>>> print(open('entry-v5.tsv').read())   # TSV, C-alpha atoms and all ligand atoms
chain	number	residue	atom	x	y	z
A	1	MET	CA	143.84	44.75	224.85
A	2	GLU	CA	144.25	48.15	223.28
A	3	LEU	CA	142.26	48.32	220.06
A	4	LYS	CA	144.12	49.85	217.12
A	5	TYR	CA	142.21	48.61	214.07
A	6	LEU	CA	138.67	47.73	215.18
A	7	PRO	CA	137.47	51.21	216.22
A	8	GLN	CA	138.02	52.41	212.65
A	9	ALA	CA	136.99	49.17	210.92
A	10	TRP	CA	133.53	49.08	212.54
A	11	LYS	CA	133.06	52.81	213.11
A	12	ARG	CA	129.97	52.93	210.91
A	13	GLY	CA	128.39	50.20	213.02
A	14	THR	CA	129.34	51.58	216.44
A	15	ASP	CA	128.25	55.11	215.43
A	16	PHE	CA	124.90	53.74	214.27
A	17	LEU	CA	124.28	51.55	217.32
A	18	GLY	CA	125.87	53.90	219.86
A	19	THR	CA	127.97	51.03	221.27
A	20	ARG	CA	131.62	50.21	222.00
A	21	TYR	CA	131.54	47.10	219.81
A	22	ALA	CA	129.58	46.56	216.58
A	23	ILE	CA	128.55	43.09	217.74
A	24	LEU	CA	124.85	42.38	218.07
A	25	CYS	CA	123.27	39.46	219.86
A	26	GLY	CA	120.35	38.76	217.52
A	27	ALA	CA	116.89	38.30	219.04
A	28	MET	CA	116.14	34.70	219.99
A	29	THR	CA	112.57	33.78	220.94
A	30	TRP	CA	112.29	32.63	224.62
A	31	VAL	CA	116.04	33.32	225.01
A	32	SER	CA	116.51	37.07	224.48
A	33	GLU	CA	114.77	38.58	227.51
A	34	SER	CA	115.79	41.60	229.56
A	35	GLY	CA	118.57	39.72	231.45
A	36	LEU	CA	120.59	38.61	228.42
A	37	VAL	CA	119.83	41.74	226.40
A	38	SER	CA	120.98	44.10	229.16
A	39	ALA	CA	124.10	41.99	229.86
A	40	ILE	CA	125.12	42.22	226.19
A	41	SER	CA	124.55	45.98	226.06
A	42	ASN	CA	126.27	46.57	229.43
A	43	GLU	CA	129.37	44.77	228.18
A	44	GLY	CA	129.70	46.94	225.07
A	45	GLY	CA	127.69	44.90	222.55
A	46	PHE	CA	124.12	45.44	221.36
A	47	GLY	CA	121.30	43.30	222.77
A	48	VAL	CA	117.96	42.76	221.00
A	49	LEU	CA	114.78	41.72	222.83
A	50	ALA	CA	112.77	38.96	221.13
A	51	GLY	CA	109.30	40.51	221.12
A	52	GLY	CA	107.65	38.37	218.45
A	53	ASN	CA	105.93	35.91	220.79
A	54	MET	CA	105.27	38.30	223.68
A	55	PRO	CA	101.77	39.49	224.54
A	56	PRO	CA	101.77	43.32	224.33
A	57	ALA	CA	101.65	43.88	228.12
A	58	LEU	CA	104.63	41.57	228.67
A	59	LEU	CA	106.54	43.25	225.85
A	60	ALA	CA	106.04	46.65	227.51
A	61	LYS	CA	107.24	45.19	230.83
A	62	GLU	CA	110.32	43.63	229.23
A	63	ILE	CA	111.25	46.93	227.55
A	64	GLU	CA	110.93	48.68	230.93
A	65	ALA	CA	112.90	45.92	232.69
A	66	THR	CA	115.70	46.17	230.10
A	67	ARG	CA	115.82	49.93	230.59
A	68	ARG	CA	116.16	49.41	234.34
A	69	LYS	CA	119.05	46.99	233.84
A	70	THR	CA	121.03	48.98	231.27
A	71	SER	CA	121.48	52.57	230.27
A	72	PHE	CA	123.07	51.46	226.98
A	73	PRO	CA	121.23	51.11	223.66
A	74	PHE	CA	119.29	47.94	222.81
A	75	GLY	CA	116.74	46.89	220.19
A	76	VAL	CA	113.36	45.18	220.01
A	77	ASN	CA	112.68	42.51	217.39
A	78	LEU	CA	109.12	42.06	216.08
A	79	ILE	CA	107.94	39.31	213.75
A	80	THR	CA	105.66	40.88	211.15
A	81	VAL	CA	103.69	37.65	210.61
A	82	ALA	CA	103.07	37.03	214.34
A	83	PRO	CA	99.39	37.18	215.37
A	84	GLY	CA	100.06	39.98	217.89
A	85	PHE	CA	102.17	42.12	215.53
A	86	ARG	CA	99.71	45.04	215.22
A	87	ASP	CA	99.43	45.46	218.99
A	88	GLN	CA	103.15	44.92	219.51
A	89	ILE	CA	104.09	47.70	217.11
A	90	GLU	CA	101.84	50.07	219.09
A	91	VAL	CA	103.72	49.09	222.26
A	92	VAL	CA	107.21	49.70	220.84
A	93	VAL	CA	106.17	53.07	219.43
A	94	ARG	CA	104.50	54.09	222.71
A	95	GLU	CA	107.49	52.89	224.75
A	96	LYS	CA	109.81	54.77	222.38
A	97	ALA	CA	112.04	51.77	221.81
A	98	PRO	CA	115.19	53.26	220.23
A	99	PHE	CA	115.80	50.48	217.66
A	100	ILE	CA	113.13	48.29	216.04
A	101	PHE	CA	114.05	45.17	214.06
A	102	PHE	CA	111.43	43.75	211.70
A	103	ALA	CA	111.78	40.02	211.04
A	104	GLY	CA	109.55	37.37	209.48
A	105	SER	CA	108.75	39.17	206.23
A	106	ILE	CA	109.27	42.54	204.60
A	107	PRO	CA	107.34	45.21	206.54
A	108	SER	CA	105.05	47.61	204.70
A	109	GLY	CA	106.10	51.21	204.07
A	110	LYS	CA	103.38	52.26	206.52
A	111	ASP	CA	104.76	50.06	209.29
A	112	ILE	CA	108.25	51.47	208.76
A	113	GLU	CA	106.88	55.01	208.88
A	114	HIS	CA	104.84	54.25	212.00
A	115	ALA	CA	107.83	52.67	213.76
A	116	LYS	CA	109.94	55.73	212.97
A	117	SER	CA	107.24	58.10	214.24
A	118	GLY	CA	108.27	57.16	217.81
A	119	GLY	CA	111.86	58.18	217.03
A	120	ALA	CA	113.17	54.64	216.51
A	121	LYS	CA	115.79	53.58	214.02
A	122	VAL	CA	114.41	50.75	211.89
A	123	ILE	CA	116.45	47.72	210.87
A	124	CYS	CA	115.24	45.03	208.46
A	125	PHE	CA	116.47	41.69	207.16
A	126	ALA	CA	117.11	41.95	203.43
A	127	PRO	CA	116.95	38.65	201.50
A	128	VAL	CA	117.77	40.09	198.04
A	129	LEU	CA	119.35	43.29	196.74
A	130	SER	CA	116.28	44.62	194.94
A	131	LEU	CA	114.24	44.47	198.15
A	132	ALA	CA	117.06	46.11	200.09
A	133	LYS	CA	116.94	49.08	197.73
A	134	ARG	CA	113.16	49.37	198.19
A	135	LEU	CA	113.50	49.19	201.98
A	136	ILE	CA	116.14	51.93	201.99
A	137	LYS	CA	113.83	54.12	199.86
A	138	GLN	CA	111.08	53.49	202.42
A	139	GLY	CA	113.30	54.83	205.19
A	140	VAL	CA	114.97	51.76	206.70
A	141	ASP	CA	118.09	52.90	208.58
A	142	ALA	CA	120.18	49.70	208.46
A	143	LEU	CA	120.03	46.15	207.16
A	144	VAL	CA	120.93	42.72	208.44
A	145	ILE	CA	121.89	40.06	205.92
A	146	GLU	CA	121.49	36.60	207.38
A	147	GLY	CA	122.82	33.53	205.63
A	148	ASN	CA	121.39	30.07	205.91
A	149	GLU	CA	124.11	28.85	208.27
A	150	ALA	CA	122.19	30.70	211.02
A	151	GLY	CA	120.01	29.15	213.71
A	152	GLY	CA	116.21	29.43	213.57
A	153	HIS	CA	114.18	30.34	210.46
A	154	ILE	CA	116.52	30.70	207.51
A	155	GLY	CA	116.69	31.81	203.89
A	156	PRO	CA	118.22	29.85	201.03
A	157	VAL	CA	121.54	31.65	200.51
A	158	ALA	CA	124.87	31.28	202.37
A	159	THR	CA	126.30	34.20	204.37
A	160	SER	CA	129.46	34.29	202.25
A	161	VAL	CA	127.42	34.77	199.05
A	162	LEU	CA	125.08	37.39	200.57
A	163	ALA	CA	128.16	39.25	201.83
A	164	GLN	CA	129.63	39.44	198.33
A	165	GLU	CA	126.27	40.50	196.83
A	166	PHE	CA	125.50	43.17	199.39
A	167	LEU	CA	128.85	44.49	200.62
A	168	LEU	CA	131.15	44.76	197.63
A	169	GLY	CA	129.26	47.57	195.93
A	170	GLY	CA	129.05	49.71	199.08
A	171	SER	CA	125.76	50.69	200.68
A	172	GLU	CA	123.80	53.79	201.61
A	173	VAL	CA	123.01	52.30	205.02
A	174	PRO	CA	125.07	50.20	207.46
A	175	ILE	CA	124.86	46.45	206.81
A	176	PHE	CA	125.32	43.92	209.61
A	177	VAL	CA	126.20	40.33	208.73
A	178	ALA	CA	124.66	37.30	210.49
A	179	GLY	CA	124.72	33.53	210.18
A	180	GLY	CA	127.54	31.11	210.89
A	181	ILE	CA	129.78	33.61	212.66
A	182	GLY	CA	131.47	31.97	215.63
A	183	THR	CA	134.84	33.71	215.88
A	184	GLY	CA	136.37	37.17	215.92
A	185	GLU	CA	138.51	36.21	212.94
A	186	MET	CA	135.35	35.82	210.85
A	187	ILE	CA	134.01	39.16	212.09
A	188	ALA	CA	137.27	40.77	210.88
A	189	GLN	CA	136.83	39.21	207.43
A	190	TYR	CA	133.29	40.60	207.03
A	191	LEU	CA	134.40	44.04	208.29
A	192	ASN	CA	137.11	43.94	205.69
A	193	LEU	CA	134.49	43.30	203.00
A	194	GLY	CA	132.57	46.37	204.15
A	195	ALA	CA	130.21	45.15	206.88
A	196	ALA	CA	129.32	47.64	209.62
A	197	GLY	CA	129.33	44.86	212.21
A	198	ALA	CA	128.24	41.31	212.96
A	199	GLN	CA	125.16	39.69	214.50
A	200	LEU	CA	125.53	36.41	216.39
A	201	GLY	CA	122.93	34.29	218.14
A	202	THR	CA	124.08	30.73	218.73
A	203	ARG	CA	127.27	31.61	220.64
A	204	PHE	CA	125.36	33.72	223.17
A	205	VAL	CA	122.92	30.92	224.04
A	206	VAL	CA	125.52	29.47	226.44
A	207	ALA	CA	126.19	32.80	228.14
A	208	GLU	CA	125.99	32.56	231.93
A	209	GLU	CA	123.43	35.39	231.86
A	210	CYS	CA	121.17	33.52	229.39
A	211	VAL	CA	117.98	32.10	230.95
A	212	ALA	CA	117.90	29.02	228.69
A	213	HIS	CA	117.59	25.70	230.55
A	214	PRO	CA	120.95	24.07	231.45
A	215	ARG	CA	120.05	21.04	229.28
A	216	PHE	CA	119.48	23.35	226.28
A	217	LYS	CA	122.95	24.85	226.80
A	218	GLU	CA	124.49	21.39	227.29
A	219	ALA	CA	123.04	20.26	223.93
A	220	PHE	CA	124.77	23.24	222.25
A	221	ILE	CA	128.09	22.43	223.93
A	222	ARG	CA	127.92	18.79	222.77
A	223	ALA	CA	126.85	19.52	219.17
A	224	ASN	CA	129.04	19.82	216.09
A	225	ALA	CA	128.37	21.98	213.03
A	226	ARG	CA	126.86	19.06	211.09
A	227	ASP	CA	124.27	18.39	213.83
A	228	ALA	CA	122.54	21.74	213.14
A	229	MET	CA	120.47	20.88	210.07
A	230	PRO	CA	117.69	22.69	208.20
A	231	THR	CA	114.22	21.13	207.96
A	232	THR	CA	112.92	20.02	204.57
A	233	GLN	CA	109.73	21.07	202.80
A	234	PHE	CA	108.06	17.86	201.57
A	235	ASP	CA	105.67	19.41	199.04
A	236	PRO	CA	105.20	23.01	197.78
A	237	MET	CA	101.48	22.51	198.36
A	238	LEU	CA	102.28	23.10	202.03
A	239	PRO	CA	105.05	25.69	202.02
A	240	THR	CA	107.28	25.79	205.09
A	241	ILE	CA	110.18	28.10	205.89
A	242	PRO	CA	113.25	26.01	206.71
A	243	VAL	CA	114.38	26.04	210.34
A	244	ARG	CA	117.94	25.13	211.33
A	245	ALA	CA	118.15	23.17	214.57
A	246	ILE	CA	120.15	20.39	216.20
A	247	VAL	CA	118.50	17.20	214.98
A	248	ASN	CA	116.53	15.29	217.64
A	249	GLU	CA	113.16	13.55	218.07
A	250	GLY	CA	111.51	17.00	217.74
A	251	THR	CA	112.81	17.20	214.15
A	252	ARG	CA	111.10	13.89	213.44
A	253	ASP	CA	107.89	15.13	215.18
A	254	PHE	CA	107.93	18.10	212.80
A	255	ASN	CA	108.33	15.81	209.79
A	256	ARG	CA	105.44	13.60	210.97
A	257	LEU	CA	103.25	16.69	211.53
A	258	GLN	CA	104.13	17.99	208.08
A	259	LEU	CA	103.12	14.68	206.44
A	260	GLU	CA	99.86	14.51	208.41
A	261	LEU	CA	98.93	18.12	207.56
A	262	LEU	CA	99.92	17.62	203.94
A	263	ASN	CA	97.58	14.64	203.64
A	264	ARG	CA	94.74	16.65	205.21
A	265	VAL	CA	95.38	19.63	202.88
A	266	LYS	CA	95.54	17.34	199.83
A	267	SER	CA	92.27	15.63	200.76
A	268	GLY	CA	90.58	19.03	201.12
A	269	GLU	CA	89.90	18.44	204.82
A	270	LEU	CA	92.13	21.37	205.87
A	271	PRO	CA	92.62	24.73	204.11
A	272	ARG	CA	96.25	25.23	203.06
A	273	GLU	CA	96.62	28.46	205.05
A	274	GLU	CA	95.50	26.72	208.24
A	275	GLY	CA	98.01	23.96	207.60
A	276	GLN	CA	100.77	26.55	207.29
A	277	VAL	CA	99.74	28.27	210.52
A	278	LYS	CA	99.74	24.93	212.37
A	279	LEU	CA	103.23	24.14	211.08
A	280	GLU	CA	104.56	27.52	212.26
A	281	GLU	CA	102.85	27.14	215.64
A	282	PHE	CA	104.82	23.93	216.09
A	283	TRP	CA	108.06	25.92	216.36
A	284	ILE	CA	106.95	28.40	219.02
A	285	GLY	CA	105.71	25.58	221.28
A	286	ALA	CA	108.62	23.27	220.55
A	287	LEU	CA	111.23	26.00	221.13
A	288	ARG	CA	109.60	26.89	224.44
A	289	ARG	CA	109.69	23.25	225.56
A	290	ALA	CA	113.42	23.05	224.90
A	291	VAL	CA	114.53	26.51	226.09
A	292	VAL	CA	112.25	26.89	229.11
A	293	GLU	CA	111.47	23.30	230.18
A	294	GLY	CA	114.73	21.67	229.08
A	295	ASP	CA	113.03	19.02	226.92
A	296	VAL	CA	115.96	18.50	224.58
A	297	GLU	CA	114.48	15.30	223.09
A	298	ARG	CA	111.19	16.59	221.72
A	299	GLY	CA	111.66	20.36	221.96
A	300	SER	CA	113.29	22.39	219.20
A	301	LEU	CA	117.04	22.97	219.54
A	302	MET	CA	117.26	25.87	217.08
A	303	ALA	CA	120.97	26.49	216.52
A	304	GLY	CA	123.27	27.68	213.77
A	305	GLN	CA	126.22	25.80	212.31
A	306	SER	CA	128.29	28.15	214.46
A	307	VAL	CA	127.37	25.76	217.29
A	308	ALA	CA	130.75	24.27	216.33
A	309	PHE	CA	132.37	27.14	218.25
A	310	VAL	CA	130.27	26.75	221.40
A	311	ARG	CA	132.43	24.84	223.87
A	312	LYS	CA	131.58	26.00	227.40
A	313	ILE	CA	129.34	28.22	229.48
A	314	GLN	CA	130.92	31.68	229.71
A	315	PRO	CA	129.92	35.12	230.96
A	316	VAL	CA	128.87	37.55	228.22
A	317	ARG	CA	131.94	39.64	228.97
A	318	GLU	CA	134.27	36.71	228.24
A	319	ILE	CA	132.50	35.82	224.97
A	320	LEU	CA	132.67	39.42	223.77
A	321	ASP	CA	136.33	39.74	224.88
A	322	GLU	CA	137.25	36.61	222.93
A	323	LEU	CA	135.49	37.87	219.79
A	324	VAL	CA	136.93	41.38	220.02
A	325	THR	CA	140.49	40.23	220.76
A	326	ALA	CA	140.48	37.73	217.89
A	327	ALA	CA	138.97	40.26	215.44
A	328	GLU	CA	141.56	42.87	216.39
A	329	ARG	CA	144.42	40.38	216.05
A	330	LYS	CA	143.14	39.24	212.66
A	331	LEU	CA	142.93	42.81	211.37
A	332	GLY	CA	146.52	43.33	212.61
A	333	ASP	CA	147.66	40.21	210.71
A	334	MET	CA	145.91	41.44	207.56
A	335	ALA	CA	147.58	44.83	207.92
A	336	LYS	CA	150.98	43.14	208.03
A	337	ILE	CA	150.29	41.14	204.88
A	338	CYS	CA	148.68	43.97	202.94
A	339	PRO	CA	148.44	47.35	204.72
A	340	GLN	CA	146.17	48.92	202.07
A	341	ALA	CA	143.64	46.09	202.21
A	342	VAL	CA	142.64	46.44	205.86
A	343	ALA	CA	139.39	48.19	206.61
A	344	GLY	CA	139.92	51.59	208.13
A	401	LIG	C1	117.30	29.70	219.42
A	401	LIG	C2	117.21	30.78	218.36
A	401	LIG	C3	116.06	31.55	218.25
A	401	LIG	C4	115.99	32.58	217.31
A	401	LIG	N1	114.86	33.38	217.26
A	401	LIG	C5	114.83	34.44	216.42
A	401	LIG	C6	113.73	35.35	216.45
A	401	LIG	O1	112.80	35.21	217.24
A	401	LIG	N2	113.74	36.42	215.58
A	401	LIG	C7	114.79	36.61	214.72
A	401	LIG	O2	114.76	37.59	213.96
A	401	LIG	N3	115.85	35.77	214.67
A	401	LIG	C8	115.90	34.71	215.52
A	401	LIG	N4	117.01	33.90	215.53
A	401	LIG	C9	118.20	34.27	214.70
A	401	LIG	C10	119.22	35.11	215.55
A	401	LIG	O3	118.68	36.34	215.91
A	401	LIG	C11	120.53	35.37	214.80
A	401	LIG	O4	120.33	36.20	213.67
A	401	LIG	C12	121.21	34.09	214.34
A	401	LIG	O5	121.27	33.19	215.42
A	401	LIG	C13	122.63	34.39	213.82
A	401	LIG	O6	123.27	33.26	213.32
A	401	LIG	P1	124.07	32.21	214.26
A	401	LIG	O7	123.01	31.32	214.84
A	401	LIG	O8	124.95	31.47	213.32
A	401	LIG	O9	124.83	32.98	215.30
A	401	LIG	C14	117.09	32.84	216.44
A	401	LIG	C15	118.23	32.02	216.54
A	401	LIG	C16	118.32	31.02	217.49
A	401	LIG	C17	119.58	30.20	217.59
>>> encode(input="entry-v5.tsv", output="structure tokens", more="lines below")
Ligand SMILES: Cc1cc2nc3c(=O)[nH]c(=O)nc-3n(C[C@H](O)[C@H](O)[C@H](O)COP(=O)(O)O)c2cc1C
Amino acid sequence: MELKYLPQAWKRGTDFLGTRYAILCGAMTWVSESGLVSAISNEGGFGVLAGGNMPPALLAKEIEATRRKTSFPFGVNLITVAPGFRDQIEVVVREKAPFIFFAGSIPSGKDIEHAKSGGAKVICFAPVLSLAKRLIKQGVDALVIEGNEAGGHIGPVATSVLAQEFLLGGSEVPIFVAGGIGTGEMIAQYLNLGAAGAQLGTRFVVAEECVAHPRFKEAFIRANARDAMPTTQFDPMLPTIPVRAIVNEGTRDFNRLQLELLNRVKSGELPREEGQVKLEEFWIGALRRAVVEGDVERGSLMAGQSVAFVRKIQPVREILDELVTAAERKLGDMAKICPQAVAG
């Protein structure tokens, strides 16, 4: 399909990323390795390696492997609260990764500066406007706003509300929207509000090129939007970041663990910080069991509400084609209704 509207509508995003499409496949722990990342970038999107749980030597190898498989741009995602973060940041700077995404918490000004010293563009997740302004002052080159419809660890606010807060006033840096996006039509709507592009995760889990276990993919295909639920924090004494996943026995395991740790923290047997670390460790192990081993009963099936739009296993090229074609058609429809209102 010849693209008439999209090239202009997402120009800020494609110029920034150096891609044909301003569609990112967000980093997904255990899922986003060199195979999926390079497939996304080779097909015109932007792949992001999930580096947060990788030992530094493996991270270096995965960056090299991705470079061997694609000559197109890709990013590396680091989780600032991960135990190996300090060593991982050294690796991405040394390897001259072109784009570094900081997730988990707000990185320090020093970390941003250090990341940029290797020539990388730095992208952060901005939970509220005031922090976004600080991050931009500290040199961040672009932002991702991720609503709580997304899969994995989530914030409290919906994508539609974040989009209105962040996009309507314009922005000094490109802003990419994530969370609950399953169709090209929705991408067109966010572009029209001023987004530079869109980041999806859940829909790419069932890509043919994705290494996730066939049972993990099957669970996504079977699930409906309402099956992807956030976890609950039982007591602020043991804070936990909500995680959105398809409900299964693993969800109940997490609840049981939370209660057990809470009792131990309350009785003074376990320091609160240790309790928090143990709760977070649950997710890395549980996600691995589901993604790598295919244990869809007790493993974690992290997925966004956009799982509603996952219906079959498809090559990356087909998923991207569907998204791009639908976004272009939607922008065309908008232009017919109100020519002045269409982005670009
Ligand atoms: C299985 C899974 C694992 C994820 N792991 C990470 C991660 O390691 N780091 C991160 O920043 N985001 C992670 N995410 C979030 C995605 O990068 C992406 O922003 C999100 O999936 C977008 O929303 P969607 O699920 O509605 O498409 C994960 C999401 C899923 C579904």
>>> atom_distance(input="entry-v5.tsv", atom1="atom CA of A:Leu78", atom2="atom N2 of ligand LIG 401 (chain A)")
7.3 Å
>>> closest_residue(input="entry-v5.tsv", among="A:Glu218, A:Asp111, A:Glu281, A:Glu90", to="A:Asn53", atoms="all atoms listed in the file")
A:Glu281
>>> closest_residue(input="entry-v5.tsv", among="A:Ile154, A:Ile284, A:Ala60, A:Leu143", to="A:Met229", atoms="only C-alpha atoms")
A:Ile154
>>> closest_residue(input="entry-v5.tsv", among="A:Phe234, A:Phe101, A:Phe254, A:Phe282", to="ligand LIG 401 (chain A)", atoms="only C-alpha atoms and all ligand atoms")
A:Phe101
>>> residues_near_ligand(input="entry-v5.tsv", ligand="ligand LIG 401 (chain A)", cutoff="8 Å", atoms="all atoms listed in the file", output="number ranges by chain")
A: 25-31, 50-53, 77-79, 101-104, 146-147, 149-153, 178-182, 199-205, 245, 287, 291, 301-307
>>> atom_distance(input="entry-v5.tsv", atom1="atom CA of A:Ala198", atom2="atom CA of A:Val173")
14.5 Å
>>> closest_residue(input="entry-v5.tsv", among="A:Leu262, A:Leu238, A:Ile221, A:Val324", to="A:Val310", atoms="all atoms listed in the file")
A:Ile221
>>> closest_residue(input="entry-v5.tsv", among="A:Ile40, A:Val93, A:Ala290, A:Ala196", to="A:Pro7", atoms="all atoms listed in the file")
A:Ala196
>>> closest_residue(input="entry-v5.tsv", among="A:Ala115, A:Glu209, A:Glu260, A:Val81", to="A:Glu318", atoms="all atoms listed in the file")
A:Glu209
>>> residues_around(input="entry-v5.tsv", residues="stretch 61-64 of chain A", least_positions_apart="5", cutoff="12 Å", atoms="only C-alpha atoms", output="MDAnalysis selection string")
chainID A and resid 32:38 47:51 54:56 69:71 73:77 88 91:100
>>> residues_around(input="entry-v5.tsv", residues="A:Arg252", least_positions_apart="3", cutoff="12 Å", atoms="all atoms listed in the file", output="ChimeraX atom specification")
/A:231-232,245-249,255-259,297-300
>>> write_last_selection(input="entry-v5.tsv", atoms="C-alpha atoms", output="PDB file, in the coordinates of the input")
ATOM      1  CA  THR A 231     114.220  21.130 207.960  1.00  0.00           C
ATOM      2  CA  THR A 232     112.920  20.020 204.570  1.00  0.00           C
ATOM      3  CA  ALA A 245     118.150  23.170 214.570  1.00  0.00           C
ATOM      4  CA  ILE A 246     120.150  20.390 216.200  1.00  0.00           C
ATOM      5  CA  VAL A 247     118.500  17.200 214.980  1.00  0.00           C
ATOM      6  CA  ASN A 248     116.530  15.290 217.640  1.00  0.00           C
ATOM      7  CA  GLU A 249     113.160  13.550 218.070  1.00  0.00           C
ATOM      8  CA  ASN A 255     108.330  15.810 209.790  1.00  0.00           C
ATOM      9  CA  ARG A 256     105.440  13.600 210.970  1.00  0.00           C
ATOM     10  CA  LEU A 257     103.250  16.690 211.530  1.00  0.00           C
ATOM     11  CA  GLN A 258     104.130  17.990 208.080  1.00  0.00           C
ATOM     12  CA  LEU A 259     103.120  14.680 206.440  1.00  0.00           C
ATOM     13  CA  GLU A 297     114.480  15.300 223.090  1.00  0.00           C
ATOM     14  CA  ARG A 298     111.190  16.590 221.720  1.00  0.00           C
ATOM     15  CA  GLY A 299     111.660  20.360 221.960  1.00  0.00           C
ATOM     16  CA  SER A 300     113.290  22.390 219.200  1.00  0.00           C
TER      17      SER A 300
END
>>> residues_around(input="entry-v5.tsv", residues="A:Asp141", least_positions_apart="3", cutoff="6 Å", atoms="all atoms listed in the file", output="list of chain:residue names")
A:Lys121, A:Val122, A:Ile123
>>> residues_around(input="entry-v5.tsv", residues="A:Phe216", least_positions_apart="2", cutoff="7 Å", atoms="all atoms listed in the file", output="list of chain:residue names")
A:Ala212, A:His213, A:Pro214, A:Glu218, A:Ala219, A:Phe220, A:Ala290, A:Val291, A:Gly294, A:Val296
>>> residues_around(input="entry-v5.tsv", residues="A:Ile313", least_positions_apart="2", cutoff="8 Å", atoms="all atoms listed in the file", output="number ranges by chain")
A: 206-208, 217, 311, 315
>>> build_atoms(input="entry-v5.tsv", residues="stretch 22-34 of chain A", atoms="N, CA and C atoms", output="mmCIF file, keeping the file's coordinate frame")
data_model
loop_
_atom_site.group_PDB
_atom_site.id
_atom_site.type_symbol
_atom_site.label_atom_id
_atom_site.label_comp_id
_atom_site.auth_asym_id
_atom_site.auth_seq_id
_atom_site.Cartn_x
_atom_site.Cartn_y
_atom_site.Cartn_z
ATOM 1 N N ALA A 22 130.678 46.765 217.555
ATOM 2 C CA ALA A 22 129.580 46.560 216.580
ATOM 3 C C ALA A 22 129.254 45.065 216.495
ATOM 4 N N ILE A 23 128.949 44.503 217.671
ATOM 5 C CA ILE A 23 128.550 43.090 217.740
ATOM 6 C C ILE A 23 127.163 43.036 218.355
ATOM 7 N N LEU A 24 126.213 42.501 217.580
ATOM 8 C CA LEU A 24 124.850 42.380 218.070
ATOM 9 C C LEU A 24 124.599 40.938 218.499
ATOM 10 N N CYS A 25 123.811 40.792 219.553
ATOM 11 C CA CYS A 25 123.270 39.460 219.860
ATOM 12 C C CYS A 25 121.861 39.480 219.289
ATOM 13 N N GLY A 26 121.652 38.754 218.187
ATOM 14 C CA GLY A 26 120.350 38.760 217.520
ATOM 15 C C GLY A 26 119.251 38.249 218.442
ATOM 16 N N ALA A 27 118.029 38.724 218.210
ATOM 17 C CA ALA A 27 116.890 38.300 219.040
ATOM 18 C C ALA A 27 116.686 36.799 218.887
ATOM 19 N N MET A 28 116.457 36.120 220.010
ATOM 20 C CA MET A 28 116.140 34.700 219.990
ATOM 21 C C MET A 28 114.908 34.470 220.865
ATOM 22 N N THR A 29 113.836 33.986 220.227
ATOM 23 C CA THR A 29 112.570 33.780 220.940
ATOM 24 C C THR A 29 112.793 32.892 222.168
ATOM 25 N N TRP A 30 112.198 33.277 223.294
ATOM 26 C CA TRP A 30 112.290 32.630 224.620
ATOM 27 C C TRP A 30 113.665 32.823 225.263
ATOM 28 N N VAL A 31 114.671 33.236 224.505
ATOM 29 C CA VAL A 31 116.040 33.320 225.010
ATOM 30 C C VAL A 31 116.402 34.782 225.309
ATOM 31 N N SER A 32 116.067 35.680 224.358
ATOM 32 C CA SER A 32 116.510 37.070 224.480
ATOM 33 C C SER A 32 115.516 37.893 225.277
ATOM 34 N N GLU A 33 115.621 37.758 226.622
ATOM 35 C CA GLU A 33 114.770 38.580 227.510
ATOM 36 C C GLU A 33 115.661 39.645 228.142
ATOM 37 N N SER A 34 115.071 40.409 229.062
ATOM 38 C CA SER A 34 115.790 41.600 229.560
ATOM 39 C C SER A 34 117.158 41.266 230.170
#
